[in-house]
>>> print(open('data.cif').read())   # mmCIF, C-alpha atoms and all ligand atoms
data_data
#
loop_
_atom_site.label_atom_id
_atom_site.label_comp_id
_atom_site.auth_asym_id
_atom_site.auth_seq_id
_atom_site.Cartn_x
_atom_site.Cartn_y
_atom_site.Cartn_z
CA MET J 1 -5.84 -3.48 38.42
CA VAL J 2 -5.96 0.31 38.11
CA MET J 3 -6.68 1.47 34.60
CA ASN J 4 -5.66 4.86 33.35
CA PRO J 5 -8.88 6.40 32.08
CA GLY J 6 -6.91 8.44 29.54
CA THR J 7 -6.01 5.31 27.62
CA ILE J 8 -9.57 4.01 27.29
CA LYS J 9 -11.42 5.39 24.29
CA LYS J 10 -15.02 6.21 25.07
CA LEU J 11 -17.72 5.01 22.70
CA ASN J 12 -18.42 7.60 20.03
CA LEU J 13 -22.21 7.88 19.85
CA LEU J 14 -21.91 9.48 16.41
CA ASP J 15 -21.18 5.95 15.19
CA PHE J 16 -24.79 4.85 15.77
CA ASP J 17 -27.84 5.39 13.63
CA GLN J 18 -31.28 5.16 15.26
CA GLN J 19 -31.43 1.35 15.09
CA ALA J 20 -27.91 0.85 16.47
CA LEU J 21 -28.57 3.36 19.21
CA ARG J 22 -31.70 1.47 20.25
CA GLY J 23 -29.54 -1.63 20.59
CA PHE J 24 -27.04 0.35 22.64
CA PHE J 25 -29.68 1.53 25.12
CA GLU J 26 -31.14 -1.96 25.35
CA SER J 27 -27.66 -3.26 26.23
CA LEU J 28 -27.67 -0.73 29.08
CA GLU J 29 -31.11 -2.05 30.07
CA GLU J 30 -32.61 1.31 29.22
CA LYS J 31 -35.80 1.92 27.23
CA SER J 32 -35.16 2.00 23.49
CA PHE J 33 -37.01 5.33 23.07
CA ARG J 34 -33.91 6.91 24.59
CA ALA J 35 -32.37 6.47 21.13
CA GLN J 36 -34.81 8.95 19.65
CA GLN J 37 -34.20 11.44 22.45
CA LEU J 38 -30.46 11.21 22.08
CA ILE J 39 -30.55 11.55 18.28
CA ASN J 40 -32.72 14.59 18.68
CA TRP J 41 -30.28 16.24 21.09
CA VAL J 42 -27.12 15.29 19.26
CA HIS J 43 -28.04 15.58 15.61
CA GLN J 44 -31.00 17.90 15.44
CA ARG J 45 -29.84 20.32 18.11
CA GLY J 46 -26.06 19.81 17.82
CA ILE J 47 -25.61 19.19 21.56
CA ASP J 48 -22.56 17.22 22.69
CA ASP J 49 -22.87 17.68 26.46
CA PHE J 50 -24.94 14.90 28.08
CA ASN J 51 -25.64 17.20 31.02
CA ALA J 52 -27.66 19.51 28.80
CA MET J 53 -30.04 16.68 27.83
CA THR J 54 -32.76 17.64 30.26
CA ASN J 55 -35.31 14.95 29.39
CA VAL J 56 -32.77 12.24 30.23
CA SER J 57 -32.56 11.20 33.88
CA LYS J 58 -29.59 12.45 35.88
CA SER J 59 -28.34 8.93 36.53
CA LEU J 60 -28.39 7.99 32.85
CA ARG J 61 -26.65 11.24 31.94
CA LEU J 62 -23.85 10.41 34.38
CA ARG J 63 -23.63 6.90 33.08
CA LEU J 64 -23.43 8.10 29.48
CA GLU J 65 -20.75 10.57 30.40
CA SER J 66 -18.59 7.84 31.87
CA ILE J 67 -18.72 5.51 28.87
CA ALA J 68 -19.57 7.60 25.82
CA GLU J 69 -18.95 10.87 24.04
CA ILE J 70 -19.76 12.82 20.91
CA ARG J 71 -16.46 12.91 19.05
CA PRO J 72 -16.46 14.69 15.64
CA PRO J 73 -13.32 15.16 13.50
CA LYS J 74 -11.07 18.06 14.54
CA VAL J 75 -10.54 21.17 12.43
CA VAL J 76 -6.90 21.70 11.46
CA MET J 77 -7.41 24.55 9.03
CA THR J 78 -10.26 26.68 7.65
CA GLN J 79 -10.21 28.56 4.37
CA THR J 80 -12.90 30.90 3.10
CA SER J 81 -13.27 31.92 -0.52
CA VAL J 82 -14.43 35.31 -1.76
CA ASP J 83 -17.41 33.46 -3.30
CA GLY J 84 -18.52 32.16 0.13
CA THR J 85 -17.12 28.65 -0.26
CA TYR J 86 -15.62 27.18 2.90
CA LYS J 87 -13.00 24.48 2.96
CA TRP J 88 -11.88 22.70 6.09
CA LEU J 89 -8.97 20.39 6.63
CA LEU J 90 -10.02 17.84 9.24
CA GLU J 91 -8.01 15.47 11.36
CA LEU J 92 -9.29 12.06 12.38
CA ASP J 93 -8.24 9.79 15.23
CA ARG J 94 -5.07 7.97 14.41
CA PRO J 95 -5.31 4.19 14.65
CA GLU J 96 -3.01 2.77 17.36
CA GLY J 97 0.62 2.64 16.31
CA LYS J 98 0.14 4.57 13.04
CA SER J 99 1.95 7.80 12.30
CA GLY J 100 2.18 10.27 9.40
CA PRO J 101 -0.17 12.98 8.11
CA SER J 102 -2.45 10.59 6.23
CA ASN J 103 -5.35 10.73 8.68
CA ARG J 104 -6.56 14.01 7.22
CA ILE J 105 -9.55 14.67 5.02
CA GLU J 106 -11.14 17.72 3.44
CA MET J 107 -14.68 19.00 3.64
CA VAL J 108 -16.19 21.78 1.52
CA PHE J 109 -19.32 23.92 1.83
CA ILE J 110 -20.61 25.58 -1.34
CA PRO J 111 -23.39 28.18 -1.01
CA GLU J 112 -25.61 28.98 -3.97
CA PRO J 113 -28.80 30.97 -4.24
CA GLY J 114 -31.49 28.87 -2.56
CA ARG J 115 -29.27 26.05 -1.42
CA GLY J 116 -26.02 25.09 0.30
CA THR J 117 -24.11 21.91 -0.46
CA LEU J 118 -21.77 20.15 1.93
CA CYS J 119 -19.26 17.85 0.27
CA ILE J 120 -17.91 15.17 2.58
CA SER J 121 -15.36 12.34 2.47
CA SER J 122 -15.84 8.61 3.07
CA GLN J 123 -12.25 7.29 3.11
CA VAL J 124 -8.78 8.62 3.83
CA GLY J 125 -7.23 8.31 0.37
CA CYS J 126 -8.73 5.97 -2.22
CA SER J 127 -7.86 2.61 -3.75
CA LEU J 128 -9.40 3.11 -7.17
CA ASP J 129 -6.53 4.82 -8.97
CA CYS J 130 -8.50 6.98 -11.41
CA THR J 131 -5.73 8.56 -13.46
CA PHE J 132 -7.05 12.16 -13.38
CA CYS J 133 -7.76 12.26 -9.61
CA SER J 134 -5.37 13.71 -7.07
CA THR J 135 -6.68 11.56 -4.19
CA ALA J 136 -5.58 8.47 -6.13
CA GLN J 137 -1.97 9.65 -5.89
CA GLN J 138 -2.10 9.34 -2.10
CA GLY J 139 -3.14 5.71 -2.21
CA PHE J 140 -5.59 4.24 0.26
CA ASN J 141 -5.16 4.67 3.98
CA ARG J 142 -8.37 3.67 5.72
CA ASN J 143 -12.15 3.72 5.80
CA LEU J 144 -13.89 6.41 7.80
CA THR J 145 -16.12 5.24 10.63
CA THR J 146 -19.82 6.13 10.59
CA GLY J 147 -19.07 8.70 13.29
CA GLU J 148 -16.41 10.33 11.14
CA ILE J 149 -18.76 10.50 8.15
CA ILE J 150 -21.83 11.89 9.94
CA GLY J 151 -19.46 13.83 12.23
CA GLN J 152 -18.53 15.98 9.23
CA LEU J 153 -22.15 17.11 8.85
CA TRP J 154 -22.52 17.54 12.63
CA LEU J 155 -19.38 19.67 12.72
CA ALA J 156 -20.11 21.71 9.59
CA ARG J 157 -23.52 22.74 10.95
CA LYS J 158 -21.86 23.98 14.12
CA LEU J 159 -19.05 25.78 12.32
CA LEU J 160 -21.40 27.48 9.87
CA SER J 161 -23.80 28.48 12.67
CA ALA J 162 -20.89 30.25 14.34
CA HIS J 163 -20.61 32.32 11.13
CA GLY J 164 -24.31 33.19 11.24
CA LEU J 165 -25.14 30.49 8.67
CA THR J 166 -27.61 28.44 10.69
CA GLY J 167 -29.59 26.05 8.49
CA ALA J 168 -27.37 26.76 5.50
CA ILE J 169 -26.72 23.11 4.62
CA THR J 170 -29.60 21.92 2.44
CA ASN J 171 -27.76 19.21 0.46
CA VAL J 172 -25.04 16.69 1.21
CA VAL J 173 -22.89 15.00 -1.44
CA LEU J 174 -20.43 12.17 -0.85
CA MET J 175 -18.01 13.50 -3.43
CA GLY J 176 -15.00 14.16 -1.27
CA MET J 177 -12.15 11.75 -0.75
CA GLY J 178 -12.73 8.04 -1.23
CA GLU J 179 -15.13 5.59 -2.86
CA PRO J 180 -18.22 5.48 -0.63
CA LEU J 181 -19.43 2.12 -1.95
CA LEU J 182 -16.18 0.50 -0.82
CA ASN J 183 -16.98 1.65 2.72
CA PHE J 184 -20.58 0.50 2.51
CA ASN J 185 -21.16 -0.67 6.10
CA ASN J 186 -20.08 2.65 7.59
CA VAL J 187 -21.60 4.87 4.90
CA VAL J 188 -25.15 3.45 5.04
CA PRO J 189 -25.86 4.27 8.73
CA ALA J 190 -24.54 7.80 8.07
CA LEU J 191 -26.93 8.15 5.10
CA LYS J 192 -29.78 6.91 7.31
CA LEU J 193 -29.00 9.57 9.91
CA MET J 194 -28.94 12.27 7.24
CA MET J 195 -32.45 11.26 6.20
CA ASP J 196 -33.80 10.50 9.70
CA ASP J 197 -36.43 13.11 10.62
CA GLN J 198 -35.24 13.04 14.22
CA ALA J 199 -31.70 13.81 13.05
CA TYR J 200 -31.08 15.93 9.92
CA GLY J 201 -34.29 15.21 8.01
CA LEU J 202 -32.78 15.66 4.55
CA SER J 203 -34.88 14.27 1.73
CA LYS J 204 -33.54 11.54 -0.56
CA ARG J 205 -33.26 14.10 -3.32
CA ARG J 206 -30.86 16.16 -1.23
CA VAL J 207 -28.43 13.39 -0.31
CA THR J 208 -26.21 12.21 -3.18
CA LEU J 209 -23.72 9.39 -3.20
CA SER J 210 -21.15 9.46 -5.98
CA THR J 211 -19.51 6.24 -7.14
CA ALA J 212 -16.94 5.26 -9.73
CA GLY J 213 -19.18 2.25 -10.42
CA VAL J 214 -18.86 -0.59 -7.91
CA VAL J 215 -21.68 -2.52 -9.54
CA PRO J 216 -22.67 -5.09 -6.85
CA MET J 217 -22.73 -2.33 -4.26
CA ILE J 218 -25.07 -0.19 -6.37
CA ASP J 219 -27.62 -3.02 -6.01
CA ARG J 220 -26.98 -3.29 -2.27
CA LEU J 221 -27.38 0.46 -1.88
CA ARG J 222 -30.73 0.26 -3.60
CA ALA J 223 -31.83 -2.43 -1.15
CA GLU J 224 -30.87 -0.27 1.85
CA THR J 225 -31.64 3.35 0.94
CA ASP J 226 -33.02 5.54 -1.81
CA VAL J 227 -30.46 8.33 -1.86
CA SER J 228 -29.71 10.05 -5.14
CA LEU J 229 -26.99 8.40 -7.15
CA ALA J 230 -24.21 10.04 -9.13
CA VAL J 231 -21.97 7.89 -11.31
CA SER J 232 -18.50 8.98 -12.39
CA LEU J 233 -18.66 7.95 -16.01
CA HIS J 234 -15.95 10.09 -17.68
CA ALA J 235 -15.84 7.99 -20.86
CA PRO J 236 -18.49 6.58 -23.22
CA ASP J 237 -16.69 3.34 -24.13
CA ASN J 238 -14.80 0.61 -22.31
CA ALA J 239 -11.43 1.16 -23.99
CA LEU J 240 -11.17 4.77 -22.79
CA ARG J 241 -12.90 4.15 -19.46
CA ASP J 242 -10.50 1.30 -18.66
CA LYS J 243 -7.72 3.90 -18.83
CA LEU J 244 -9.40 6.71 -16.88
CA VAL J 245 -11.40 4.75 -14.30
CA PRO J 246 -9.59 1.41 -13.95
CA ILE J 247 -12.40 -0.21 -11.93
CA ASN J 248 -14.12 -0.37 -15.33
CA LYS J 249 -11.97 -3.42 -16.11
CA LYS J 250 -13.76 -5.22 -13.30
CA PHE J 251 -17.21 -3.73 -13.88
CA PRO J 252 -17.45 -2.67 -17.54
CA LEU J 253 -20.16 -0.48 -19.03
CA GLU J 254 -22.33 -3.45 -20.02
CA GLU J 255 -22.66 -4.23 -16.29
CA LEU J 256 -22.66 -0.65 -14.99
CA MET J 257 -25.45 0.70 -17.18
CA PRO J 258 -27.99 -2.05 -16.28
CA ALA J 259 -27.13 -1.49 -12.59
CA CYS J 260 -27.96 2.21 -13.07
CA ARG J 261 -31.28 1.26 -14.65
CA ARG J 262 -32.03 -1.13 -11.80
CA TYR J 263 -31.28 1.62 -9.29
CA LEU J 264 -34.00 3.77 -10.81
CA ASP J 265 -36.53 0.94 -11.02
CA LYS J 266 -39.84 1.98 -9.47
CA GLN J 267 -38.42 5.37 -8.53
CA ASN J 268 -40.80 7.74 -10.12
CA LYS J 269 -39.36 10.79 -11.87
CA ARG J 270 -35.83 10.27 -10.64
CA ARG J 271 -32.62 10.50 -12.60
CA ILE J 272 -29.04 9.45 -12.25
CA THR J 273 -26.40 12.14 -12.45
CA PHE J 274 -23.54 11.12 -14.71
CA GLU J 275 -20.34 12.97 -13.99
CA TYR J 276 -18.01 13.53 -16.91
CA VAL J 277 -14.66 15.24 -16.36
CA MET J 278 -13.59 17.28 -19.37
CA LEU J 279 -10.01 16.32 -20.30
CA ASP J 280 -8.39 18.17 -23.18
CA ASN J 281 -8.21 15.99 -26.28
CA ILE J 282 -8.88 12.81 -24.32
CA ASN J 283 -12.64 12.46 -23.92
CA ASP J 284 -13.98 15.82 -25.13
CA GLN J 285 -14.30 15.35 -28.89
CA PRO J 286 -17.55 15.25 -30.92
CA GLN J 287 -17.32 11.47 -31.33
CA HIS J 288 -17.25 11.13 -27.52
CA ALA J 289 -20.35 13.30 -27.19
CA ARG J 290 -22.12 11.16 -29.78
CA ALA J 291 -21.13 7.93 -28.05
CA LEU J 292 -22.21 9.34 -24.69
CA ALA J 293 -25.63 10.30 -26.04
CA ALA J 294 -26.05 6.78 -27.44
CA LEU J 295 -24.94 5.15 -24.20
CA LEU J 296 -27.44 7.08 -22.08
CA LYS J 297 -30.30 6.73 -24.56
CA ASP J 298 -32.75 4.94 -22.30
CA ILE J 299 -31.67 6.04 -18.81
CA PRO J 300 -33.30 9.05 -17.13
CA SER J 301 -30.18 11.10 -16.61
CA LYS J 302 -28.57 14.42 -15.94
CA ILE J 303 -25.07 14.90 -17.30
CA ASN J 304 -22.71 16.97 -15.20
CA LEU J 305 -19.68 18.11 -17.16
CA ILE J 306 -16.80 18.88 -14.81
CA PRO J 307 -13.93 21.02 -16.11
CA PHE J 308 -10.79 19.10 -15.07
CA ASN J 309 -8.98 20.56 -12.07
CA PRO J 310 -5.28 20.20 -12.63
CA PHE J 311 -2.87 19.19 -9.85
CA PRO J 312 0.93 18.89 -9.76
CA ASN J 313 2.45 16.22 -12.04
CA THR J 314 -0.77 15.43 -13.88
CA VAL J 315 -0.51 14.62 -17.58
CA TYR J 316 -4.01 15.98 -18.28
CA LYS J 317 -5.21 19.46 -19.20
CA ARG J 318 -8.63 21.05 -18.80
CA SER J 319 -10.65 21.19 -22.02
CA PRO J 320 -10.98 24.74 -23.39
CA ASP J 321 -14.27 26.45 -22.47
CA LYS J 322 -15.37 26.44 -26.13
CA VAL J 323 -14.93 22.68 -26.36
CA ILE J 324 -16.93 22.15 -23.15
CA GLU J 325 -19.66 24.42 -24.49
CA ARG J 326 -19.77 22.54 -27.80
CA PHE J 327 -19.95 19.19 -26.00
CA SER J 328 -22.74 20.43 -23.75
CA MET J 329 -24.71 21.97 -26.65
CA TYR J 330 -24.56 18.73 -28.60
CA LEU J 331 -25.98 16.77 -25.67
CA GLN J 332 -28.70 19.34 -25.12
CA LYS J 333 -29.70 19.21 -28.78
CA GLN J 334 -30.04 15.46 -28.38
CA GLY J 335 -32.55 16.09 -25.57
CA TYR J 336 -30.28 15.58 -22.55
CA VAL J 337 -29.99 17.73 -19.47
CA ALA J 338 -26.33 18.68 -19.52
CA THR J 339 -24.85 21.21 -17.14
CA VAL J 340 -21.32 22.50 -16.74
CA ARG J 341 -20.11 22.53 -13.17
CA LYS J 342 -18.96 25.96 -12.17
CA THR J 343 -15.59 25.97 -10.51
CA ARG J 344 -15.97 27.44 -7.06
CA GLY J 345 -13.54 28.46 -4.36
CA ASP J 346 -10.73 28.74 -6.94
CA ASP J 347 -8.83 31.15 -4.70
CA ILE J 348 -8.69 28.55 -1.92
CA ASP J 349 -8.24 25.56 -4.21
CA ALA J 350 -11.52 24.07 -3.02
CA ALA J 351 -12.41 23.01 -6.53
CA CYS J 352 -9.93 20.18 -6.59
CA GLY J 353 -12.30 17.85 -8.40
CA GLN J 354 -13.13 15.29 -5.79
CA LEU J 355 -14.09 18.05 -3.38
CA VAL J 356 -16.28 20.24 -5.49
CA GLY J 357 -19.94 19.96 -4.73
CA ASN J 358 -22.72 19.34 -7.10
CA VAL J 359 -22.62 22.89 -8.38
CA GLN J 360 -24.22 23.48 -11.68
CA ASP J 361 -24.22 26.30 -14.13
CA ARG J 362 -27.88 27.06 -14.29
CA SER J 363 -27.98 29.69 -16.98
CA GLY J 364 -31.45 30.83 -18.01
CA ARG J 365 -31.18 28.84 -21.18
CA GLN J 366 -30.42 25.64 -19.35
CA ILE J 367 -33.25 26.14 -16.89
CA ARG J 368 -35.68 26.71 -19.75
CA PHE J 369 -34.27 23.64 -21.43
CA GLU J 370 -34.67 21.59 -18.26
CA ARG J 371 -38.31 22.68 -17.92
CA ARG J 372 -38.99 21.69 -21.50
CA TYR J 373 -37.36 18.35 -20.86
CA ALA J 374 -39.27 17.83 -17.63
CA ASN J 375 -42.59 18.47 -19.36
CA ALA J 376 -41.78 16.36 -22.39
N1 LIG M 401 -15.12 7.87 -5.64
C1 LIG M 401 -16.31 8.60 -5.92
C2 LIG M 401 -16.45 9.94 -5.22
C3 LIG M 401 -15.24 10.86 -5.18
S1 LIG M 401 -14.76 11.80 -6.55
C4 LIG M 401 -16.48 8.74 -7.41
O1 LIG M 401 -15.59 8.34 -8.15
O2 LIG M 401 -17.52 9.21 -7.84
C5 LIG M 401 -16.01 13.00 -6.88
C6 LIG M 401 -15.97 13.42 -8.38
O3 LIG M 401 -14.84 14.27 -8.73
C7 LIG M 401 -15.87 12.21 -9.29
O4 LIG M 401 -16.73 12.35 -10.38
C8 LIG M 401 -14.43 12.27 -9.73
O5 LIG M 401 -14.21 11.52 -10.87
C9 LIG M 401 -14.22 13.76 -9.89
N2 LIG M 401 -12.81 14.16 -9.95
C10 LIG M 401 -11.75 13.57 -9.37
N3 LIG M 401 -10.61 14.23 -9.67
C11 LIG M 401 -10.95 15.26 -10.45
C12 LIG M 401 -10.22 16.33 -11.06
N4 LIG M 401 -8.92 16.44 -10.91
N5 LIG M 401 -10.91 17.25 -11.78
C13 LIG M 401 -12.25 17.15 -11.91
N6 LIG M 401 -12.99 16.18 -11.36
C14 LIG M 401 -12.36 15.24 -10.64
#
>>> encode(input="data.cif", output="structure tokens")
Amino acid sequence: MVMNPGTIKKLNLLDFDQQALRGFFESLEEKSFRAQQLINWVHQRGIDDFNAMTNVSKSLRLRLESIAEIRPPKVVMTQTSVDGTYKWLLELDRPEGKSGPSNRIEMVFIPEPGRGTLCISSQVGCSLDCTFCSTAQQGFNRNLTTGEIIGQLWLARKLLSAHGLTGAITNVVLMGMGEPLLNFNNVVPALKLMMDDQAYGLSKRRVTLSTAGVVPMIDRLRAETDVSLAVSLHAPDNALRDKLVPINKKFPLEELMPACRRYLDKQNKRRITFEYVMLDNINDQPQHARALAALLKDIPSKINLIPFNPFPNTVYKRSPDKVIERFSMYLQKQGYVATVRKTRGDDIDAACGQLVGNVQDRSGRQIRFERRYANA
């Protein structure tokens, strides 16, 4: 039988972390140290051409070329903001027989003095139905593969280098589309590659996974990695959280908060970031601030207040700046680290909530406050 090579998908080597790649080379009856070499070429140096991998024998290079490839997502559109924020619309492979535009995700790069944060997606769409989130309106389409998750970082490094921004990505946040803990098996190998010294070598403090609170998976994450954890809290009590983040009905605060504490167990000097979207007259009143302070009383935390980013047909409005300031000041007076996320890339609509990075308003006062808190 003659097969048309065009119809056979090659293996995407971006799908493999170091351990999986060792297994792959063993299956080819090659030495497992090849995994380290390949990861070094592909992830550390950004090479996608097997022929350029000069410490790999010619015959293995040819063999790899015939069965495998490095296949990152494709760029459909690039937008650049006056503040240096980049936003890319990316297209993923379409599963056989599926049509429609729903195989697209967004990726955002946010530069700040001293650091650069890449915000990546883990699913096309999302199944969680948070009422203030625009991704929820699209429904859930599919999980990203490991190659599509790490492929965003691989691609962003290349794209930014072409703009003279080599080495600009210092932090990665999984705060784009999707709930990363509901795509656990594909997300974890991507996290491992981010922290693998042979690959991207990012420290655990510079890789953040954000979750709406899938409690059993928080424990599994802790067993597998020690990335930084952000939790989308958005309400200080079950009644309100049930409405805003419906997964709270399944995993209410009395289960979520102990899971957060367990995540920090034995992790010296680490904190959980609690994200709190500021919705006008919904969750931004003094009684909410008081309840929030009480809820977080014995968890090392950092509270990230996110001004709501409106989208068409939403019933919510952004809290006025004064209300956000009052909320933040109250928390600070209670001894919490509370920062207000600056909206970035407004002119290109990059700050659409789920795609903004972990950008904080570090005014002098807050930095002083943080130092005091750190030394307390
Ligand atoms: N599913 C994960 C990660 C994606 S959302 C999670 O829930 O954490 C990343 C962050 O953006 C979350 O805190 C989310 O609640 C918030 N977000 C979503 N829509 C928003 C909006 N319209 N305005 C402001 N923040 C929003």
>>> atom_distance(input="data.cif", atom1="atom CA of J:Lys31", atom2="atom CA of J:Gln18")
13.2 Å
>>> axis_aligned_box(input="data.cif", around="ligand LIG 401 (chain M)", padding_each_side="3 Å", output="lines of an AutoDock Vina configuration file")
center_x = -13.2
center_y = 12.6
center_z = -8.5
size_x = 14.6
size_y = 15.4
size_z = 12.7
>>> residues_near_ligand(input="data.cif", ligand="ligand LIG 401 (chain M)", cutoff="6 Å", atoms="all atoms listed in the file", output="count of residues only")
23
>>> residues_around(input="data.cif", residues="stretch 90-93 of chain J", least_positions_apart="4", cutoff="8 Å", atoms="all atoms listed in the file", output="VMD selection string")
chain J and resid 73 to 77 103 to 107 148
>>> closest_residue(input="data.cif", among="J:Ala223, J:Leu38, J:Ala289, J:Leu89", to="J:Leu60", atoms="all atoms listed in the file")
J:Leu38
>>> closest_residue(input="data.cif", among="J:Trp41, J:Thr78, J:Arg206, J:Leu21", to="J:Thr54", atoms="all atoms listed in the file")
J:Trp41
>>> residues_around(input="data.cif", residues="stretch 183-188 of chain J", least_positions_apart="4", cutoff="8 Å", atoms="only C-alpha atoms", output="PyMOL selection string")
chain J and resi 122-123+143-146+149+179+192+217+221+224-225
>>> write_last_selection(input="data.cif", atoms="C-alpha atoms", output="CSV table (one decimal), in the coordinates of the input")
chain,number,residue,atom,x,y,z
J,122,SER,CA,-15.8,8.6,3.1
J,123,GLN,CA,-12.2,7.3,3.1
J,143,ASN,CA,-12.2,3.7,5.8
J,144,LEU,CA,-13.9,6.4,7.8
J,145,THR,CA,-16.1,5.2,10.6
J,146,THR,CA,-19.8,6.1,10.6
J,149,ILE,CA,-18.8,10.5,8.2
J,179,GLU,CA,-15.1,5.6,-2.9
J,192,LYS,CA,-29.8,6.9,7.3
J,217,MET,CA,-22.7,-2.3,-4.3
J,221,LEU,CA,-27.4,0.5,-1.9
J,224,GLU,CA,-30.9,-0.3,1.8
J,225,THR,CA,-31.6,3.4,0.9
>>> atom_distance(input="data.cif", atom1="atom CA of J:Leu256", atom2="atom CA of J:Val214")
8.0 Å
>>> residues_around(input="data.cif", residues="J:Arg45", least_positions_apart="3", cutoff="10 Å", atoms="only C-alpha atoms", output="ChimeraX atom specification")
/J:38-42,48,154,157-158,198-200
>>> atom_distance(input="data.cif", atom1="atom CA of J:Val337", atom2="atom CA of J:Asn281")
22.9 Å
>>> residues_around(input="data.cif", residues="stretch 268-273 of chain J", least_positions_apart="5", cutoff="8 Å", atoms="only C-alpha atoms", output="list of chain:residue names")
J:Ser228, J:Leu229, J:Ala230, J:Val231, J:Cys260, J:Ile299, J:Pro300, J:Ser301, J:Lys302, J:Ile303, J:Asn304
>>> residues_around(input="data.cif", residues="J:Leu253", least_positions_apart="5", cutoff="12 Å", atoms="only C-alpha atoms", output="VMD selection string")
chain J and resid 212 to 215 231 to 242 245 to 248 258 to 260 292 295 to 296
>>> closest_residue(input="data.cif", among="J:Asp83, J:Asp226, J:Glu112, J:Asp219", to="J:Asn171", atoms="all atoms listed in the file")
J:Glu112
>>> build_atoms(input="data.cif", residues="stretch 189-206 of chain J", atoms="N, CA and C atoms", output="PDB file, in the coordinates of the input")
ATOM      1  N   PRO J 189     -25.254   3.671   7.531  1.00  0.00           N
ATOM      2  CA  PRO J 189     -25.860   4.270   8.730  1.00  0.00           C
ATOM      3  C   PRO J 189     -25.760   5.803   8.726  1.00  0.00           C
ATOM      4  N   ALA J 190     -24.668   6.334   8.141  1.00  0.00           N
ATOM      5  CA  ALA J 190     -24.540   7.800   8.070  1.00  0.00           C
ATOM      6  C   ALA J 190     -25.613   8.377   7.139  1.00  0.00           C
ATOM      7  N   LEU J 191     -25.877   7.686   6.018  1.00  0.00           N
ATOM      8  CA  LEU J 191     -26.930   8.150   5.100  1.00  0.00           C
ATOM      9  C   LEU J 191     -28.284   8.110   5.817  1.00  0.00           C
ATOM     10  N   LYS J 192     -28.492   7.042   6.610  1.00  0.00           N
ATOM     11  CA  LYS J 192     -29.780   6.910   7.310  1.00  0.00           C
ATOM     12  C   LYS J 192     -29.968   8.054   8.299  1.00  0.00           C
ATOM     13  N   LEU J 193     -28.890   8.429   8.986  1.00  0.00           N
ATOM     14  CA  LEU J 193     -29.000   9.570   9.910  1.00  0.00           C
ATOM     15  C   LEU J 193     -29.298  10.872   9.164  1.00  0.00           C
ATOM     16  N   MET J 194     -28.671  11.035   8.002  1.00  0.00           N
ATOM     17  CA  MET J 194     -28.940  12.270   7.240  1.00  0.00           C
ATOM     18  C   MET J 194     -30.419  12.387   6.905  1.00  0.00           C
ATOM     19  N   MET J 195     -31.054  11.228   6.632  1.00  0.00           N
ATOM     20  CA  MET J 195     -32.450  11.260   6.200  1.00  0.00           C
ATOM     21  C   MET J 195     -33.447  11.023   7.338  1.00  0.00           C
ATOM     22  N   ASP J 196     -32.943  10.745   8.535  1.00  0.00           N
ATOM     23  CA  ASP J 196     -33.800  10.500   9.700  1.00  0.00           C
ATOM     24  C   ASP J 196     -34.428  11.837  10.154  1.00  0.00           C
ATOM     25  N   ASP J 197     -35.753  11.866  10.230  1.00  0.00           N
ATOM     26  CA  ASP J 197     -36.430  13.110  10.620  1.00  0.00           C
ATOM     27  C   ASP J 197     -36.040  13.587  12.015  1.00  0.00           C
ATOM     28  N   GLN J 198     -35.676  12.637  12.881  1.00  0.00           N
ATOM     29  CA  GLN J 198     -35.240  13.040  14.220  1.00  0.00           C
ATOM     30  C   GLN J 198     -33.829  13.620  14.210  1.00  0.00           C
ATOM     31  N   ALA J 199     -33.091  13.357  13.119  1.00  0.00           N
ATOM     32  CA  ALA J 199     -31.700  13.810  13.050  1.00  0.00           C
ATOM     33  C   ALA J 199     -31.581  15.023  12.119  1.00  0.00           C
ATOM     34  N   TYR J 200     -31.270  14.792  10.831  1.00  0.00           N
ATOM     35  CA  TYR J 200     -31.080  15.930   9.920  1.00  0.00           C
ATOM     36  C   TYR J 200     -32.264  16.131   8.981  1.00  0.00           C
ATOM     37  N   GLY J 201     -33.060  15.080   8.792  1.00  0.00           N
ATOM     38  CA  GLY J 201     -34.290  15.210   8.010  1.00  0.00           C
ATOM     39  C   GLY J 201     -34.096  15.656   6.568  1.00  0.00           C
ATOM     40  N   LEU J 202     -32.969  15.283   5.963  1.00  0.00           N
ATOM     41  CA  LEU J 202     -32.780  15.660   4.550  1.00  0.00           C
ATOM     42  C   LEU J 202     -33.550  14.678   3.664  1.00  0.00           C
ATOM     43  N   SER J 203     -34.139  15.180   2.595  1.00  0.00           N
ATOM     44  CA  SER J 203     -34.880  14.270   1.730  1.00  0.00           C
ATOM     45  C   SER J 203     -33.908  13.506   0.834  1.00  0.00           C
ATOM     46  N   LYS J 204     -34.397  12.376   0.291  1.00  0.00           N
ATOM     47  CA  LYS J 204     -33.540  11.540  -0.560  1.00  0.00           C
ATOM     48  C   LYS J 204     -33.013  12.295  -1.776  1.00  0.00           C
ATOM     49  N   ARG J 205     -33.720  13.322  -2.173  1.00  0.00           N
ATOM     50  CA  ARG J 205     -33.260  14.100  -3.320  1.00  0.00           C
ATOM     51  C   ARG J 205     -32.101  15.015  -2.963  1.00  0.00           C
ATOM     52  N   ARG J 206     -31.895  15.221  -1.669  1.00  0.00           N
ATOM     53  CA  ARG J 206     -30.860  16.160  -1.230  1.00  0.00           C
ATOM     54  C   ARG J 206     -29.616  15.480  -0.665  1.00  0.00           C
TER      55      ARG J 206
END
